[in-house]
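**Student:** Below you'll find the structure I mean.
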Amino acid sequence: MTVSTLSTPFTLRGITFKNRIAVSPMSQYRARDGYANDWHLVHLGRFAMGGAGLVYIEATAVEEHGRRTHGDLGLWEDGQIDDLKRITAFLEDEGAVPGIQLSHAGRKASERRPWHGETPVDAEDMATRDEAPWPACAPSAIPYADGWPTPMEMSEADILRVVDSFGASARRAAQAGFKIIEVYAAHGFLVHQFLSPLSNTRTDRWGGSFKNRMRFAVEVAKSIRAHWPEAYPLAFRLSATDWVDGGLEVHDTVEIARRLKAEGVDMIDCSSGGIGGKERPKRMTITEGFQTPFAAEVRTHADIATMAVGFLWDARFCEDLLGSQQADMIALARELLDDPNWPLHAAAQLGATDNHSLWPIEAGWWLMKRDRLLIKLGLR
Ligand SMILES: Cc1cc2nc3c(=O)[nH]c(=O)nc-3n(C[C@H](O)[C@H](O)[C@H](O)COP(=O)(O)O)c2cc1C
């Protein structure tokens with residue numbers, strides 16, 4: 001059988017992904033009190049059935065106040081483990097590695113779901129959905145954007161508490177059956193808020209110099225590693241650039257990746273942007289695979305595995321970027337919403353001669369018979 005790079009297994013520590021395709025974390029805003037439900041099982045399960053090697057669960061809050069919206073998943077209490085266990089068991093049974101993205105929204109907390117406006121939760125949410133706003137915290141008292149409340153500047157005790165929460169959630173993630181953690185350190189969420197000079201103007205050991213701004217991310221990595229099995233990989237999603245003058249640039253991200261690698265981080269998922277409001281920064285130009293060069297640069301200069309993400313949909317494009325060693329894995333979000341079977345279709349497009357054997361037999365057997373008939377009838 002012809003095997004593409006996309007379909008080649010990839011190993012980090014003791015965990016092997018059957019191919020290079022990851023489901024990028026996608027918040028569903030469908031949880032209640034942070035608890036997962038059947039929606040999450042079915043939403044994620046179809047990607048495992050569709051052949052993805054790694055299925056990441058959406059941004060999952062390590063503290064109740066660290067949720068972005070009322071619908072976010074959480075792993076801040078032991079009671080939340082069992083519903084997730086059901087999901088990880090299913091994903092593994094279908095051949096995918098279950099991963100979780102751990103998150104704290106910081107100053108982006110208490111936000112309305114996208115279809116309710118992506119603005120701060122307010123009295124209308126309370127009246128229509130009984131959803132009350134809650135106070136947000138951040139490294140510095142700088143609002144996320146115009147019209148957003150000023151977050152409370154975190155004290156030393158607040159910072160240490162959140163660092164511990166990442167570790168405690170990692171312990172729960174292992175109990176729930178996850179095999180890889182990704183820390184959400186991108187898109188203007190709390191870890192990114194500490195890293196970026198645009199949102200962190202502290203003058204204590206958590207801000208000021210670049211080294212100090214990295215401290216929170218480093219402590220989060222250490223806290224997770226203290227609770228997370230040695231054999232399981234740890235990844236970080238970084239915004240490789242803020243796309244804003246005076247913000248983080250890709251050479252900073254290379255430094256951050258090097259520092260995190262020294263703390264036991266195994267892969268960097270290279271995204272970008274998100275630090276300063278919803279408007280797209282002037283410097284940001286979106287084209288197919290526009291963030292791929294960041295994955296390549298981090299991979300080369302920090303000598304760490306990378307995941308490329310963002311505006312990827314074409315199997316050959318993805319194959320070329322993996323084949324040319326710009327990244328070790330690719331992550332897809334919207335394309336997989338459109339076609340959860342994308343990994344199976346991509347394998348066929350890239351020449352897998354026995355493609356049906358990759359499908360769950362309950363579908364593959366029938367599709368194989370249909371294909372034979374189509375060929376016999378001269379219709380394919
Ligand atoms: C429905 C939806 C929810 C998302 N939620 C998250 C999230 O929880 N965490 C995250 O890091 N990115 C999130 N993203 C961003 C995606 O993971 C991905 O980086 C982005 O959509 C670009 O990839 P794409 O062009 O393949 O969609 C979300 C995207 C979508 C479409």
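Ligands are numbered from 1 in the order shown, chains are lettered A, B, ... in the order of the structure tokens, and residues start at 1 in each chain.
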Once you count only C-alpha atoms and all ligand atoms, which residues end up within 6 Å of ligand 1, and could you hand them over as a VMD selection string?
**Tutor:** chain A and resid 24 to 27 58 to 59 184 309 to 312 332 to 335
**Student:** Atoms to include: N, CA and C atoms. Write the selected residues as a PDB file, in the first residue's frame.
**Tutor:**
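Written file, again08.pdb:
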```
ATOM      1  N   SER A  24      -7.701  19.942  15.661  1.00  0.00           N
ATOM      2  CA  SER A  24      -7.356  21.131  16.434  1.00  0.00           C
ATOM      3  C   SER A  24      -8.433  21.363  17.500  1.00  0.00           C
ATOM      4  N   PRO A  25      -8.050  21.872  18.674  1.00  0.00           N
ATOM      5  CA  PRO A  25      -9.069  22.090  19.704  1.00  0.00           C
ATOM      6  C   PRO A  25     -10.177  23.020  19.202  1.00  0.00           C
ATOM      7  N   MET A  26     -11.415  22.599  19.430  1.00  0.00           N
ATOM      8  CA  MET A  26     -12.555  23.412  18.979  1.00  0.00           C
ATOM      9  C   MET A  26     -13.600  23.516  20.075  1.00  0.00           C
ATOM     10  N   SER A  27     -13.669  24.682  20.687  1.00  0.00           N
ATOM     11  CA  SER A  27     -14.655  24.910  21.749  1.00  0.00           C
ATOM     12  C   SER A  27     -16.057  24.748  21.188  1.00  0.00           C
ATOM     13  N   GLU A  58     -11.449  20.383  23.232  1.00  0.00           N
ATOM     14  CA  GLU A  58     -11.404  21.859  23.262  1.00  0.00           C
ATOM     15  C   GLU A  58     -10.727  22.440  24.508  1.00  0.00           C
ATOM     16  N   ALA A  59     -10.482  23.746  24.468  1.00  0.00           N
ATOM     17  CA  ALA A  59      -9.961  24.487  25.613  1.00  0.00           C
ATOM     18  C   ALA A  59     -10.763  24.129  26.868  1.00  0.00           C
ATOM     19  N   TYR A 184      -2.921  25.879  26.437  1.00  0.00           N
ATOM     20  CA  TYR A 184      -3.400  26.958  25.561  1.00  0.00           C
ATOM     21  C   TYR A 184      -2.645  28.238  25.924  1.00  0.00           C
ATOM     22  N   VAL A 309      -0.775  24.659  11.811  1.00  0.00           N
ATOM     23  CA  VAL A 309      -2.230  24.818  11.883  1.00  0.00           C
ATOM     24  C   VAL A 309      -2.636  26.116  11.199  1.00  0.00           C
ATOM     25  N   GLY A 310      -3.860  26.153  10.743  1.00  0.00           N
ATOM     26  CA  GLY A 310      -4.413  27.392  10.233  1.00  0.00           C
ATOM     27  C   GLY A 310      -4.578  27.416   8.739  1.00  0.00           C
ATOM     28  N   PHE A 311      -5.842  27.392   8.298  1.00  0.00           N
ATOM     29  CA  PHE A 311      -6.185  27.500   6.897  1.00  0.00           C
ATOM     30  C   PHE A 311      -5.504  26.412   6.071  1.00  0.00           C
ATOM     31  N   LEU A 312      -5.618  25.208   6.567  1.00  0.00           N
ATOM     32  CA  LEU A 312      -5.126  24.030   5.840  1.00  0.00           C
ATOM     33  C   LEU A 312      -6.346  23.194   5.452  1.00  0.00           C
ATOM     34  N   LEU A 332      -6.137  20.378  11.904  1.00  0.00           N
ATOM     35  CA  LEU A 332      -7.231  20.985  11.139  1.00  0.00           C
ATOM     36  C   LEU A 332      -8.406  21.242  12.065  1.00  0.00           C
ATOM     37  N   ALA A 333      -9.100  22.330  11.827  1.00  0.00           N
ATOM     38  CA  ALA A 333     -10.320  22.605  12.597  1.00  0.00           C
ATOM     39  C   ALA A 333     -11.512  22.660  11.651  1.00  0.00           C
ATOM     40  N   ARG A 334     -11.698  23.790  10.949  1.00  0.00           N
ATOM     41  CA  ARG A 334     -12.922  23.973  10.162  1.00  0.00           C
ATOM     42  C   ARG A 334     -13.082  22.950   9.046  1.00  0.00           C
ATOM     43  N   GLU A 335     -11.964  22.541   8.434  1.00  0.00           N
ATOM     44  CA  GLU A 335     -12.075  21.550   7.365  1.00  0.00           C
ATOM     45  C   GLU A 335     -12.651  20.233   7.904  1.00  0.00           C
TER      46      GLU A 335
END
```
**Student:** Output as a ChimeraX atom specification all residues of range 110-351 of chain A that backbone DSSP marks as alpha helix (DSSP H).
**Tutor:** /A:123-129,156-176,190-195,210-227,250-261,292-302,315-323,334-338,342-349
**Student:** Which residue is closest to Met284 in chain A? Choose from A:Tyr144, A:Trp243, A:Trp359, A:Trp134 and count only C-alpha atoms.
**Tutor:**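 The answer is A:Trp243, which sits nearest to Met284 in chain A.
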**Student:** May I ask which of the residues A:Ile361, A:Cys318, A:Met49, A:Ile15 is the closest one to Gln349 in chain A, counting only C-alpha atoms?
**Tutor:**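 Using only C-alpha atoms, the shortest distance to Gln349 in chain A belongs to A:Cys318.
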**Student:** Skip range 102-115 of chain A itself and residues of its chain fewer than 5 positions away, then list as number ranges by chain all residues within 6 Å of it, counting only C-alpha atoms.
**Tutor:** A: 59-61, 66-69, 120-121, 133-134, 136-138, 151, 183-184, 189-190
**Student:** Quote the spacing between CA of Val163 in chain A and CA of Asn200 in chain A in Å to one decimal place.
**Tutor:**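 Computed distance, CA of Val163 in chain A to CA of Asn200 in chain A, equals 16.7 Å.
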**Student:** For Pro149 in chain A, which residue among A:Pro293, A:Thr119, A:Gly14, A:Leu373 is the nearest when counting only C-alpha atoms?
**Tutor:**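 Residue with the minimum atom-to-atom distance to Pro149 in chain A: A:Thr119.
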**Student:** Just how far from CA of Ser239 in chain A is CA of Ser140 in chain A, in Å to one decimal?
**Tutor:**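 That distance, rounded to one decimal, is 18.9 Å.
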**Student:** With 9 Å as the cut-off and only C-alpha atoms counted, what is the closest atom pair between each nearby residue of range 105-164 of chain A and range 205-211 of chain A? Distances in Å to one decimal, ordered by chain and number, as JSON lines.
**Tutor:**
```
{"residue": "A:Pro139", "atom": "CA", "partner": "A:Trp206", "partner_atom": "CA", "distance": 8.0}
{"residue": "A:Glu156", "atom": "CA", "partner": "A:Trp206", "partner_atom": "CA", "distance": 8.7}
{"residue": "A:Ile159", "atom": "CA", "partner": "A:Trp206", "partner_atom": "CA", "distance": 9.0}
```
**Student:** With distances taken over only C-alpha atoms, which of A:His251, A:Gly273, A:Phe47, A:Ala89 is nearest to Thr285 in chain A?
**Tutor:** A:Gly273
**Student:** A:Gly95, A:Gly247, A:Pro143, A:Gly351: which is nearest Gly51 in chain A, counting only C-alpha atoms?
**Tutor:**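 Comparing A:Gly95, A:Gly247, A:Pro143, A:Gly351 against Gly51 in chain A, the winner is A:Gly95.
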**Student:** For the atom pair CA of Ile181 in chain A and CA of Gly53 in chain A, what is the interatomic distance in Å to one decimal place?
**Tutor:** 14.6 Å
**Student:** Hey, what's within 9 Å of Ser357 in chain A if we count only C-alpha atoms and toss same-chain stuff fewer than 5 positions away? As a count of residues only, please?
**Tutor:** 3
**Student:** Rank A:Glu124, A:Asp314, A:Glu297, A:Glu219 by their smallest atom-to-atom distance to Leu260 in chain A, using only C-alpha atoms, and report the top residue only.
**Tutor:** A:Glu219
**Student:** Run DSSP on the backbone and give me the residues of range 93-295 of chain A it puts in strand (DSSP E), as a list in words.
**Tutor:**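 Taking range 93-295 of chain A and keeping strand (DSSP E) only, one gets Val97, Pro98, Gly99, Ile100, Gln101, Leu102, Ser103, Cys137, Ala138, Met152, Glu153, Ile180, Ile181, Glu182, Val183, Tyr184, Ala185, Leu234, Ala235, Phe236, Arg237, Leu238, Ser239, Met267, Ile268, Asp269, Cys270 and Ser271 of chain A.
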**Student:** I want to know what sits within 12 Å of Gln325 in chain A, based on only C-alpha atoms, with residues of the same chain fewer than 2 positions away left out; could you give that as JSON, numbers by chain?
**Tutor:** {"A": [5, 6, 292, 293, 295, 296, 297, 298, 299, 300, 303, 304, 305, 306, 307, 308, 318, 319, 320, 321, 322, 323, 327, 328, 329, 330]}
**Student:** Find the residues near Gln175 in chain A: any atom within 9 Å, counting only C-alpha atoms, skip ones fewer than 5 places away on the same chain, and give them as a ChimeraX atom specification.
**Tutor:** /A:81-82,85,170
**Student:** Report as a PyMOL selection string all protein, DNA and RNA residues lying within 9 Å of Val55 in chain A, evaluated on only C-alpha atoms, omitting residues in the same chain fewer than 2 positions from it.
**Tutor:** chain A and resi 21-25+44-45+47-48+52-53+57+91+96-100
